[in-house]
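Engineer: Here you go, input_23.txt (compact mmCIF, C-alpha atoms):
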```txt
# COMPACT_ATOMS: atom_id res chain seq x y z
CA MET A 1 -8.31 -27.72 7.04
CA ILE A 2 -7.57 -25.22 9.80
CA GLY A 3 -9.54 -21.94 9.76
CA SER A 4 -12.16 -20.80 7.27
CA ALA A 5 -10.76 -17.58 5.88
CA ASP A 6 -10.94 -16.45 2.26
CA LYS A 7 -7.17 -16.69 1.95
CA LYS A 8 -5.80 -20.18 1.52
CA ALA A 9 -2.42 -21.52 2.55
CA LEU A 10 -1.33 -24.86 1.16
CA VAL A 11 1.44 -26.55 3.11
CA LEU A 12 3.31 -29.34 1.35
CA SER A 13 4.95 -30.92 4.35
CA ALA A 14 7.56 -33.63 4.51
CA LEU A 15 8.17 -32.96 8.20
CA ASP A 16 8.34 -36.20 10.10
CA VAL A 17 5.93 -35.60 12.96
CA ASP A 18 7.41 -38.54 14.86
CA ALA A 19 10.90 -37.05 14.75
CA GLN A 20 12.28 -34.39 17.07
CA HIS A 21 10.92 -30.92 16.22
CA GLY A 22 8.82 -32.27 13.30
CA ALA A 23 5.43 -32.08 15.00
CA SER A 24 6.17 -28.81 16.81
CA THR A 25 7.43 -27.12 13.63
CA ARG A 26 4.32 -28.16 11.76
CA ALA A 27 2.09 -26.96 14.60
CA ILE A 28 3.86 -23.58 14.83
CA LEU A 29 3.57 -23.15 11.08
CA GLU A 30 -0.13 -24.00 10.96
CA GLU A 31 -0.94 -21.82 13.98
CA THR A 32 0.99 -18.89 12.54
CA LEU A 33 -0.72 -19.12 9.17
CA ALA A 34 -4.16 -19.46 10.79
CA GLY A 35 -3.33 -16.51 13.05
CA ARG A 36 -2.61 -14.41 9.96
CA GLY A 37 -6.05 -15.20 8.54
CA TYR A 38 -5.32 -18.14 6.26
CA ALA A 39 -7.36 -21.28 5.94
CA VAL A 40 -4.59 -23.84 6.16
CA GLU A 41 -4.50 -27.17 4.38
CA THR A 42 -1.53 -29.44 4.92
CA VAL A 43 -0.61 -32.23 2.52
CA ASP A 44 1.62 -34.81 4.16
CA CYS A 45 4.12 -35.66 1.43
CA ARG A 46 5.21 -38.74 3.37
CA SER A 47 1.83 -40.38 2.94
CA VAL A 48 0.57 -39.15 -0.45
CA ASP A 49 0.43 -41.48 -3.42
CA VAL A 50 2.86 -39.64 -5.72
CA ILE A 51 5.45 -41.41 -7.82
CA PRO A 52 8.65 -39.62 -8.87
CA CYS A 53 8.63 -37.79 -12.20
CA THR A 54 9.72 -40.04 -15.04
CA GLY A 55 10.61 -37.10 -17.27
CA CYS A 56 8.29 -38.44 -19.98
CA GLY A 57 7.65 -34.93 -21.34
CA SER A 58 3.93 -35.53 -21.88
CA CYS A 59 3.00 -32.35 -20.01
CA GLY A 60 5.02 -30.39 -22.56
CA LEU A 61 4.02 -31.28 -26.09
CA ARG A 62 1.74 -34.33 -25.92
CA THR A 63 -0.95 -33.18 -23.47
CA PRO A 64 0.18 -29.65 -22.58
CA GLY A 65 -0.24 -28.91 -18.90
CA ALA A 66 -1.57 -32.35 -18.00
CA CYS A 67 0.57 -34.89 -16.18
CA ALA A 68 0.43 -38.35 -17.72
CA VAL A 69 0.72 -40.02 -14.33
CA THR A 70 -2.56 -40.35 -12.46
CA ASP A 71 -2.04 -40.22 -8.72
CA ASP A 72 -2.51 -37.71 -5.89
CA MET A 73 -0.57 -35.06 -7.79
CA GLN A 74 -3.61 -33.90 -9.78
CA GLY A 75 -5.34 -32.92 -6.54
CA ILE A 76 -2.18 -31.20 -5.30
CA PHE A 77 -1.92 -29.16 -8.53
CA ARG A 78 -5.50 -27.95 -8.11
CA LYS A 79 -4.84 -26.93 -4.52
CA MET A 80 -1.61 -25.19 -5.48
CA VAL A 81 -3.12 -23.01 -8.16
CA ALA A 82 -6.04 -22.08 -5.88
CA SER A 83 -3.86 -21.13 -2.92
CA ASP A 84 -2.69 -17.68 -1.81
CA VAL A 85 0.55 -18.92 -0.32
CA LEU A 86 2.43 -22.14 -0.94
CA VAL A 87 4.57 -23.50 1.88
CA LEU A 88 7.21 -26.19 1.47
CA ALA A 89 8.13 -27.63 4.85
CA THR A 90 10.94 -30.14 5.06
CA PRO A 91 13.88 -31.44 6.98
CA VAL A 92 16.91 -29.94 5.21
CA ARG A 93 19.03 -32.73 3.75
CA PHE A 94 22.34 -31.85 2.09
CA GLY A 95 21.09 -28.27 1.83
CA SER A 96 18.03 -29.40 -0.10
CA TYR A 97 14.49 -30.65 0.33
CA CYS A 98 14.29 -34.15 1.71
CA ALA A 99 13.48 -36.82 -0.87
CA GLU A 100 9.83 -37.14 0.21
CA LEU A 101 9.19 -33.48 -0.63
CA LYS A 102 11.46 -33.50 -3.68
CA LYS A 103 9.34 -36.31 -5.10
CA VAL A 104 6.41 -33.85 -5.15
CA VAL A 105 8.47 -30.84 -6.32
CA ASP A 106 9.89 -32.85 -9.23
CA ARG A 107 6.35 -33.22 -10.52
CA PHE A 108 5.83 -29.42 -10.89
CA GLN A 109 6.66 -29.47 -14.61
CA PRO A 110 2.99 -29.27 -15.76
CA LEU A 111 2.85 -25.89 -14.02
CA MET A 112 5.04 -24.58 -16.81
CA VAL A 113 4.39 -24.00 -20.51
CA PRO A 114 6.96 -25.51 -22.92
CA ILE A 115 7.82 -22.03 -24.13
CA TYR A 116 11.08 -20.48 -23.03
CA VAL A 117 11.39 -16.99 -21.60
CA LEU A 118 14.23 -14.93 -20.18
CA ARG A 119 13.58 -14.38 -16.49
CA ASP A 120 16.13 -12.54 -14.36
CA GLY A 121 18.44 -12.89 -17.36
CA GLU A 122 18.14 -16.67 -17.33
CA MET A 123 16.41 -19.15 -19.61
CA HIS A 124 13.28 -20.61 -18.02
CA PHE A 125 9.91 -22.03 -18.92
CA GLN A 126 6.95 -19.68 -19.08
CA GLY A 127 4.61 -20.02 -16.11
CA ARG A 128 1.23 -21.61 -16.78
CA TYR A 129 -0.54 -20.20 -13.72
CA ASP A 130 -0.20 -17.16 -11.53
CA LEU A 131 1.36 -19.11 -8.67
CA PRO A 132 1.30 -17.74 -5.12
CA PRO A 133 4.29 -16.53 -3.09
CA LEU A 134 6.46 -19.30 -1.80
CA LEU A 135 7.53 -19.96 1.76
CA GLY A 136 10.14 -22.56 2.61
CA VAL A 137 10.37 -23.89 6.14
CA GLY A 138 13.49 -25.93 6.74
CA LEU A 139 14.21 -28.07 9.75
CA VAL A 140 17.98 -27.98 10.19
CA ARG A 141 19.73 -30.79 12.01
CA ASP A 142 21.57 -28.75 14.61
CA GLY A 143 18.83 -26.24 15.18
CA LEU A 144 18.95 -22.49 15.54
CA GLY A 145 21.04 -20.48 17.91
CA PRO A 146 19.62 -17.88 20.33
CA ASP A 147 19.90 -15.19 17.67
CA GLY A 148 17.92 -17.27 15.21
CA ALA A 149 20.95 -18.21 13.15
CA ALA A 150 21.77 -21.81 12.42
CA GLY A 151 25.04 -22.85 13.95
CA GLY A 152 28.09 -24.58 12.50
CA ALA A 153 27.67 -26.69 9.38
CA ALA A 154 23.91 -26.17 9.62
CA ALA A 155 24.42 -22.48 8.82
CA GLU A 156 25.73 -23.30 5.39
CA GLU A 157 22.95 -25.81 4.77
CA ALA A 158 20.38 -23.22 5.83
CA ASP A 159 21.95 -20.74 3.43
CA ALA A 160 21.80 -23.36 0.65
CA PHE A 161 18.12 -24.05 1.38
CA ARG A 162 17.29 -20.34 1.35
CA PHE A 163 19.02 -20.08 -2.03
CA LEU A 164 17.08 -23.11 -3.28
CA ILE A 165 13.70 -21.65 -2.31
CA GLY A 166 14.67 -18.48 -4.17
CA ARG A 167 15.64 -20.58 -7.16
CA LEU A 168 12.30 -22.41 -7.13
CA ALA A 169 10.56 -19.04 -7.17
CA VAL A 170 12.57 -18.03 -10.25
CA ASN A 171 11.95 -21.40 -11.90
CA THR A 172 8.19 -21.30 -11.39
CA GLY A 173 7.80 -17.58 -12.01
CA THR A 174 6.65 -16.84 -8.48
CA ARG A 175 7.79 -13.36 -7.70
CA HIS A 176 8.30 -13.63 -3.98
CA ALA A 177 9.87 -16.20 -1.68
CA ALA A 178 10.94 -16.38 1.93
CA ALA A 179 12.50 -19.05 4.10
CA ALA A 180 12.49 -19.81 7.81
CA PHE A 181 14.33 -22.36 9.89
CA ALA A 182 13.51 -24.50 12.86
CA GLY A 183 15.13 -27.33 14.71
CA GLY A 184 16.23 -25.98 18.06
CA ASP A 185 14.72 -23.53 20.52
CA GLU A 186 10.96 -23.40 19.93
CA ARG A 187 10.65 -19.67 20.64
CA VAL A 188 13.31 -18.89 18.08
CA ALA A 189 11.65 -21.15 15.51
CA ARG A 190 8.30 -19.48 16.15
CA ALA A 191 9.79 -16.01 15.64
CA GLU A 192 11.54 -17.12 12.44
CA ILE A 193 8.36 -18.64 11.03
CA GLN A 194 6.22 -15.65 12.01
CA GLN A 195 8.63 -13.28 10.33
CA ALA A 196 8.69 -15.31 7.11
CA VAL A 197 4.90 -15.75 7.05
CA ASP A 198 4.51 -11.99 7.49
CA ALA A 199 6.90 -11.42 4.60
CA VAL A 200 4.79 -13.52 2.22
CA ALA A 201 1.48 -12.35 3.74
CA ARG A 202 2.29 -8.79 2.69
CA ARG A 203 2.24 -10.10 -0.90
CA THR A 204 -1.18 -11.70 -0.59
CA SER A 205 -3.05 -9.00 1.31
CA MET B 1 42.08 -47.41 -7.87
CA THR B 2 38.48 -48.58 -8.09
CA VAL B 3 35.98 -46.12 -9.54
CA LEU B 4 32.26 -46.23 -8.88
CA VAL B 5 30.02 -44.05 -11.03
CA ILE B 6 26.55 -43.42 -9.61
CA GLU B 7 24.07 -42.89 -12.44
CA GLY B 8 21.60 -40.50 -10.83
CA SER B 9 18.64 -40.91 -13.15
CA ARG B 10 15.96 -43.56 -13.63
CA ARG B 11 14.72 -42.06 -16.88
CA PRO B 12 14.89 -44.54 -19.77
CA LYS B 13 17.30 -43.38 -22.48
CA SER B 14 18.57 -40.56 -20.30
CA ASN B 15 21.24 -37.96 -20.94
CA THR B 16 22.72 -38.96 -17.60
CA GLY B 17 23.15 -42.48 -18.98
CA ALA B 18 24.79 -41.09 -22.12
CA ILE B 19 27.24 -39.04 -20.05
CA VAL B 20 27.98 -41.99 -17.76
CA ARG B 21 28.72 -44.33 -20.69
CA ASP B 22 31.02 -41.78 -22.29
CA LEU B 23 32.83 -41.11 -19.02
CA VAL B 24 33.24 -44.81 -18.24
CA SER B 25 34.79 -45.48 -21.64
CA ARG B 26 37.19 -42.55 -21.19
CA LEU B 27 38.16 -43.81 -17.74
CA ALA B 28 38.75 -47.29 -19.20
CA ALA B 29 41.01 -45.77 -21.84
CA ALA B 30 42.96 -44.17 -18.99
CA ASP B 31 43.26 -47.59 -17.35
CA ARG B 32 40.65 -46.90 -14.69
CA ALA B 33 37.91 -49.51 -14.88
CA ALA B 34 34.69 -48.09 -13.47
CA GLU B 35 31.62 -49.81 -12.14
CA VAL B 36 28.22 -48.17 -12.56
CA TRP B 37 25.51 -48.09 -9.89
CA ARG B 38 22.22 -46.84 -11.23
CA VAL B 39 19.99 -45.26 -8.59
CA PRO B 40 17.24 -47.69 -7.58
CA ARG B 41 13.59 -47.10 -8.31
CA TRP B 42 11.63 -45.33 -5.58
CA SER B 43 9.79 -48.57 -4.90
CA ALA B 44 12.96 -50.69 -4.72
CA GLY B 45 13.58 -52.74 -1.61
CA VAL B 46 16.43 -52.20 0.80
CA GLU B 47 18.50 -54.82 -1.04
CA ALA B 48 19.03 -52.30 -3.87
CA THR B 49 20.97 -50.14 -1.42
CA ASP B 50 22.71 -53.20 0.12
CA GLU B 51 24.30 -53.88 -3.24
CA GLY B 52 25.43 -50.29 -3.60
CA MET B 53 26.82 -50.10 -0.07
CA GLU B 54 29.10 -52.99 -0.95
CA LYS B 55 30.28 -51.16 -4.07
CA LEU B 56 30.85 -48.00 -2.02
CA ARG B 57 32.97 -49.90 0.49
CA ASP B 58 35.17 -51.09 -2.40
CA ALA B 59 35.44 -47.76 -4.23
CA ASP B 60 38.45 -45.47 -4.00
CA ILE B 61 36.71 -42.91 -6.19
CA VAL B 62 32.98 -42.16 -6.41
CA VAL B 63 31.54 -40.02 -9.19
CA LEU B 64 27.92 -38.89 -9.00
CA VAL B 65 26.38 -37.95 -12.35
CA ALA B 66 22.86 -36.52 -12.11
CA PRO B 67 20.42 -34.27 -13.94
CA SER B 68 19.07 -31.10 -12.38
CA TYR B 69 15.35 -31.23 -11.72
CA LEU B 70 14.32 -27.72 -10.70
CA ASP B 71 17.91 -26.94 -9.76
CA GLU B 72 18.42 -30.01 -7.59
CA LEU B 73 19.04 -33.73 -7.55
CA PRO B 74 16.08 -35.83 -8.68
CA ALA B 75 14.05 -37.30 -5.82
CA VAL B 76 15.24 -40.87 -6.46
CA THR B 77 18.87 -39.76 -6.24
CA GLN B 78 18.24 -37.63 -3.16
CA ARG B 79 16.56 -40.60 -1.53
CA LEU B 80 19.45 -42.92 -2.29
CA LEU B 81 21.93 -40.46 -0.79
CA GLU B 82 19.78 -40.06 2.31
CA ASP B 83 19.67 -43.87 2.65
CA VAL B 84 23.44 -44.10 2.28
CA TRP B 85 23.88 -41.37 4.91
CA GLU B 86 21.60 -43.25 7.31
CA ARG B 87 23.72 -46.35 6.77
CA ARG B 88 27.11 -44.60 6.74
CA ALA B 89 28.33 -46.64 9.73
CA GLU B 90 28.38 -49.69 7.43
CA LEU B 91 31.16 -48.02 5.43
CA ARG B 92 33.35 -48.31 8.55
CA GLY B 93 35.02 -44.97 7.99
CA HIS B 94 35.86 -45.71 4.35
CA ALA B 95 36.38 -42.31 2.69
CA PRO B 96 36.55 -42.34 -1.11
CA LEU B 97 37.31 -39.33 -3.28
CA PHE B 98 33.99 -37.84 -4.38
CA TYR B 99 33.30 -35.95 -7.62
CA GLY B 100 30.00 -34.42 -8.77
CA ILE B 101 28.71 -33.90 -12.31
CA ALA B 102 25.38 -32.13 -12.86
CA HIS B 103 23.65 -31.35 -16.13
CA SER B 104 20.47 -29.71 -17.36
CA GLY B 105 18.90 -28.16 -20.39
CA PHE B 106 19.38 -24.60 -19.21
CA PRO B 107 22.64 -22.93 -20.17
CA GLU B 108 23.42 -20.79 -17.10
CA PRO B 109 25.74 -22.28 -14.46
CA ILE B 110 23.59 -20.79 -11.68
CA GLN B 111 20.90 -23.32 -12.59
CA ARG B 112 23.18 -26.14 -11.36
CA ARG B 113 24.79 -24.31 -8.44
CA ALA B 114 22.41 -25.62 -5.76
CA GLU B 115 22.80 -29.21 -6.93
CA LEU B 116 26.59 -29.06 -6.99
CA ARG B 117 26.55 -27.55 -3.52
CA SER B 118 24.32 -30.40 -2.33
CA MET B 119 26.81 -32.87 -3.76
CA ARG B 120 29.53 -31.16 -1.74
CA PHE B 121 27.39 -31.44 1.40
CA VAL B 122 27.03 -35.16 0.68
CA ALA B 123 30.81 -35.54 0.63
CA GLU B 124 31.29 -33.45 3.77
CA GLN B 125 28.56 -35.15 5.77
CA MET B 126 29.70 -38.61 4.71
CA GLY B 127 33.29 -37.77 5.63
CA TRP B 128 34.41 -38.27 2.03
CA THR B 129 36.93 -36.08 0.21
CA TRP B 130 35.23 -33.52 -2.01
CA MET B 131 37.11 -33.24 -5.30
CA GLY B 132 34.85 -30.67 -6.90
CA GLY B 133 31.87 -30.51 -9.17
CA VAL B 134 31.23 -29.56 -12.77
CA GLY B 135 27.95 -28.66 -14.41
CA PHE B 136 26.91 -28.81 -18.05
CA GLY B 137 24.04 -26.87 -19.60
CA GLY B 138 22.05 -27.22 -22.80
CA THR B 139 21.95 -31.02 -22.64
CA SER B 140 18.22 -31.53 -23.39
CA PRO B 141 18.55 -31.93 -27.19
CA ILE B 142 20.96 -34.86 -26.73
CA ASP B 143 17.83 -36.85 -25.90
CA GLY B 144 19.71 -39.86 -24.54
CA ARG B 145 21.72 -40.46 -27.70
CA PRO B 146 25.36 -41.54 -27.44
CA LEU B 147 27.35 -38.31 -27.28
CA ASP B 148 29.18 -39.18 -30.50
CA GLU B 149 25.84 -39.25 -32.34
CA ALA B 150 24.39 -36.04 -30.94
CA GLY B 151 26.41 -33.69 -33.14
CA MET B 152 26.60 -30.05 -32.09
CA PHE B 153 24.32 -30.65 -29.09
CA SER B 154 26.97 -32.71 -27.31
CA LYS B 155 29.97 -30.70 -28.49
CA GLN B 156 30.52 -29.07 -25.11
CA LEU B 157 30.42 -32.41 -23.30
CA ARG B 158 32.70 -34.08 -25.86
CA ASN B 159 35.18 -31.23 -25.45
CA VAL B 160 35.21 -31.19 -21.67
CA LEU B 161 34.61 -34.82 -20.62
CA PRO B 162 38.20 -35.77 -21.60
CA LEU B 163 39.41 -33.20 -19.02
CA VAL B 164 36.89 -34.48 -16.48
CA ALA B 165 38.01 -38.08 -17.04
CA ALA B 166 41.68 -37.13 -16.86
CA ASP B 167 41.20 -35.36 -13.50
CA ILE B 168 39.28 -38.32 -12.10
CA ALA B 169 41.74 -40.89 -13.46
CA ALA B 170 44.59 -38.97 -11.84
CA GLY B 171 42.69 -38.73 -8.56
CA GLN B 172 43.11 -34.97 -8.53
CA PRO B 173 40.47 -32.30 -7.89
CA PHE B 174 38.71 -30.90 -10.94
CA SER B 175 41.10 -28.30 -12.30
CA PRO B 176 40.00 -24.67 -12.63
CA GLU B 177 40.29 -25.18 -16.41
CA THR B 178 37.91 -28.16 -16.33
CA VAL B 179 35.39 -26.19 -14.27
CA ARG B 180 35.75 -23.05 -16.40
CA ARG B 181 35.21 -24.91 -19.65
CA SER B 182 32.22 -26.84 -18.32
CA GLU B 183 30.55 -23.55 -17.43
CA LYS B 184 30.86 -22.02 -20.89
CA SER B 185 27.58 -21.58 -22.72
CA PRO B 186 26.97 -24.63 -24.87
CA PHE B 187 25.07 -22.59 -27.43
CA PRO B 188 26.69 -21.23 -30.58
CA MET B 189 24.51 -18.10 -30.45
CA PRO B 190 23.01 -15.80 -27.79
CA VAL B 191 20.39 -17.38 -25.54
CA ARG B 192 17.76 -14.89 -26.70
CA MET B 193 18.18 -16.17 -30.25
CA ILE B 194 18.00 -19.82 -29.12
CA ILE B 195 14.77 -19.04 -27.29
CA THR B 196 13.23 -17.46 -30.40
CA LEU B 197 14.20 -20.42 -32.58
CA VAL B 198 13.05 -23.14 -30.19
CA ASN B 199 9.79 -21.37 -29.34
CA SER B 200 9.01 -20.89 -32.99
CA ARG B 201 9.44 -24.61 -33.63
CA THR B 202 7.38 -25.52 -30.55
CA ARG B 203 4.53 -23.20 -31.61
CA LYS B 204 4.52 -24.68 -35.10
CA THR B 205 4.32 -28.21 -33.67
CA ALA B 206 1.46 -27.12 -31.43
CA ARG B 207 -0.39 -25.56 -34.39
CA ASP B 208 0.10 -28.68 -36.52
CA LYS B 209 -1.18 -30.94 -33.75
CA GLN B 210 -3.88 -28.48 -32.66
CA LEU B 211 -2.53 -28.33 -29.12
CA GLU B 212 -3.28 -25.55 -26.68
CA LEU B 213 0.19 -24.97 -25.24
CA ASP B 214 -0.91 -22.84 -22.29
CA ALA B 215 -3.96 -24.92 -21.33
CA LYS B 216 -4.80 -24.42 -17.66
CA VAL B 217 -5.74 -28.00 -16.90
CA TYR B 218 -5.73 -27.66 -13.12
CA ALA B 219 -7.29 -24.20 -12.81
CA PRO B 220 -10.26 -23.91 -10.41
CA ASP B 221 -13.62 -24.27 -12.18
```
What would the structure in this file look like if it were written as structure tokens?
Structural biologist:
Amino acid sequence: MIGSADKKALVLSALDVDAQHGASTRAILEETLAGRGYAVETVDCRSVDVIPCTGCGSCGLRTPGACAVTDDMQGIFRKMVASDVLVLATPVRFGSYCAELKKVVDRFQPLMVPIYVLRDGEMHFQGRYDLPPLLGVGLVRDGLGPDGAAGGAAAEEADAFRFLIGRLAVNTGTRHAAAAFAGGDERVARAEIQQAVDAVARRTS
Amino acid sequence: MTVLVIEGSRRPKSNTGAIVRDLVSRLAAADRAAEVWRVPRWSAGVEATDEGMEKLRDADIVVLVAPSYLDELPAVTQRLLEDVWERRAELRGHAPLFYGIAHSGFPEPIQRRAELRSMRFVAEQMGWTWMGGVGFGGTSPIDGRPLDEAGMFSKQLRNVLPLVAADIAAGQPFSPETVRRSEKSPFPMPVRMIITLVNSRTRKTARDKQLELDAKVYAPD
């Protein structure tokens, strides 16, 4: 845990700290959140004991809201619902979360009630908790250009990831989401992350 | 032409499996025998991917069929694709035609858009030829049954899979007609009405079983 503020930021990170830009992106993210007054807790999705969702449906109509699989996910759920901002940090793979983070995201079903609602004109599950704003931090393969934009094919993947974070917000009933990208020039990544953190911080202040 | 269908779900009795079986039988009827490669378990050893890499090297056509979990590929499928990408040199430049099929319980096409786009990225980053993707909604009530036995719940799939199979068998991109028909709402009535009906049944079940549907199990004490 970094910092001791009243506001809590939970970072679900699948950044590979041994890979290029992984450790620096995580450090920038944690520093930025701490600098904005959050107590930061990072869960390393690469080392947690979480098995992929089996789609058993128990959390729906057998034991509503409770996951039938007992592993580290129960602790993660508790941290999620107690946090003021939820950050998903990941290398972007095929425009999506990497598998190590997706394994955790796939287990979010108990956060929803098996009652359907229309949200933004779409059919979704009703939220079970008042979940915090969502921040996605994506590490794109080719990095960011000097203007902060991802270059080449990475630009389209970054766009896809931004869309996906927005979709997760709609799916979980979180009303605000932002995304930032890293992977190249550290100053550019820092500015991107600061801007995105500020965008979600305005929703938690 | 050799067809490899990747079954992108590990769920027992899955709708993905039902779609794959139906598609494979339609491809066989069109004289295109298809092999199926089910995504390995998360805990599977590297040999599970070895076997698939061999199949990929032999395939002229690859079809990925996968459910949408929160708008994207399930983790096990994402992991397999990442593994294949890491090992792409073993394919020695082999570039099959690649088709994507996504499905989920929600009726709106936007709920499968991210996943289909990811499938396209897979093709592009592997150097394969992207032949298009189709998405089907409202598949939850099929509950893993053979499509022929799922009545009205599989009607949309039974209507459109012949077009899907015909496009694949001919080695042509999904036609605009195939895509358009896959995106039609699978429900015979407005979504709002479906929601009312399903919620009413769910609430009755909860009352009968004395379940608290909105229990906040993981709320702070």
Engineer: So the first atom is CA of Ala199 (chain A) and the second is CA of Gly136 (chain A); what is the distance between them in Å, to one decimal place?
Structural biologist: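 If I compute the distance from CA of Ala199 (chain A) to CA of Gly136 (chain A), I get 11.8 Å.
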Engineer: Taking all atoms listed in the file into account, name the residue in B:Asp71, B:Ala66, B:Arg158, B:Glu51 that is nearest to Asn171 (chain A).
Structural biologist: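 The closest residue to Asn171 (chain A) is B:Asp71.
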Engineer: If you count all atoms listed in the file, which residues fall within 12 Å of Ala206 (chain B), apart from same-chain ones fewer than 4 positions away, as JSON, numbers by chain?
Structural biologist: {"A": [60, 61, 62, 63, 64, 113, 114, 115], "B": [199, 200, 201, 202, 210, 211, 212, 213, 214, 215]}
Engineer: Tell me as an MDAnalysis selection string which residues belonging to chain B come within 6 Å of chain A, counting all atoms listed in the file.
Structural biologist: chainID B and resid 11 75 78:79 118 121:122 195 199 213:215 217:218
Engineer: Limited to C-alpha atoms, could you put the picked residues into a file as an mmCIF file, in the coordinates of the input?
Structural biologist:
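Produced file result03.cif, reproduced below:
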```
data_model
loop_
_atom_site.group_PDB
_atom_site.id
_atom_site.type_symbol
_atom_site.label_atom_id
_atom_site.label_comp_id
_atom_site.auth_asym_id
_atom_site.auth_seq_id
_atom_site.Cartn_x
_atom_site.Cartn_y
_atom_site.Cartn_z
ATOM 1 C CA ARG B 11 14.720 -42.060 -16.880
ATOM 2 C CA ALA B 75 14.050 -37.300 -5.820
ATOM 3 C CA GLN B 78 18.240 -37.630 -3.160
ATOM 4 C CA ARG B 79 16.560 -40.600 -1.530
ATOM 5 C CA SER B 118 24.320 -30.400 -2.330
ATOM 6 C CA PHE B 121 27.390 -31.440 1.400
ATOM 7 C CA VAL B 122 27.030 -35.160 0.680
ATOM 8 C CA ILE B 195 14.770 -19.040 -27.290
ATOM 9 C CA ASN B 199 9.790 -21.370 -29.340
ATOM 10 C CA LEU B 213 0.190 -24.970 -25.240
ATOM 11 C CA ASP B 214 -0.910 -22.840 -22.290
ATOM 12 C CA ALA B 215 -3.960 -24.920 -21.330
ATOM 13 C CA VAL B 217 -5.740 -28.000 -16.900
ATOM 14 C CA TYR B 218 -5.730 -27.660 -13.120
#
```
Engineer: What does the structure give for the distance between CA of Phe181 (chain A) and CA of Trp42 (chain B), in Å to one decimal?
Structural biologist: 27.8 Å
Engineer: Rank B:Glu7, B:Asp50, B:Glu82, B:Glu90 by their smallest atom-to-atom distance to Val62 (chain B), using only C-alpha atoms, and report the top residue only.
Structural biologist: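 Counting only C-alpha atoms, the residue closest to Val62 (chain B) is B:Glu7.
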Engineer: Which residues come within 9 Å of Glu186 (chain A), counting only C-alpha atoms, excluding same-chain residues fewer than 6 positions away, as a list in words?
Structural biologist: His21, Ser24, Thr25 and Ile28 of chain A
Engineer: Would you mind exporting C-alpha atoms of the selected residues as a PDB file, keeping the file's coordinate frame?
Structural biologist:
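File again_20.pdb, as written:
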```pdb
ATOM      1  CA  HIS A  21      10.920 -30.920  16.220  1.00  0.00           C
ATOM      2  CA  SER A  24       6.170 -28.810  16.810  1.00  0.00           C
ATOM      3  CA  THR A  25       7.430 -27.120  13.630  1.00  0.00           C
ATOM      4  CA  ILE A  28       3.860 -23.580  14.830  1.00  0.00           C
TER       5      ILE A  28
END
```
Engineer: Write out as a count of residues only each polymer residue whose atoms come within 7 Å of region 154-157 of chain B, counting all atoms listed in the file; drop sequence neighbours fewer than 6 positions from it.
Structural biologist: 3
Engineer: I'd like to know which of B:Glu124, B:Arg145, B:Pro109, B:Ala95 is closest to Arg181 (chain B), using only C-alpha atoms.
Structural biologist: B:Pro109
Engineer: Rounded to one decimal place, report the CA of Thr77 (chain B)-CA of Asp22 (chain B) distance in Å.
Structural biologist: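 Calculated distance between CA of Thr77 (chain B) and CA of Asp22 (chain B) is 20.2 Å.
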Engineer: Pick out the residues sitting within 10 Å of Gly132 (chain B), and hand them over as a list of chain:residue names; count all atoms listed in the file, and ignore anything fewer than 2 positions along from it in its own chain.
Structural biologist: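 Non-adjacent residues within range: B:Leu97, B:Phe98, B:Tyr99, B:Gly100, B:Ile101, B:Leu116, B:Arg117, B:Met119, B:Arg120, B:Ala123, B:Thr129, B:Trp130, B:Val134, B:Gln172, B:Pro173, B:Phe174, B:Ser175, B:Pro176, B:Val179.
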Engineer: Would you kindly return, as a PyMOL selection string, each protein, DNA or RNA residue with an atom no farther than 9 Å from any atom of Ile168 (chain B), considering all atoms listed in the file and excluding same-chain residues fewer than 2 positions away?
Structural biologist: chain B and resi 3+27+61+63+99+131+163-166+170-174
Engineer: Within 10 Å of (39.5, -45.8, -16.9) (file coordinates; all atoms listed in the file), which protein or nucleic acid residues are there? I'd like them as a PyMOL selection string.
Structural biologist: chain B and resi 1-3+23-34+165-166+168-170
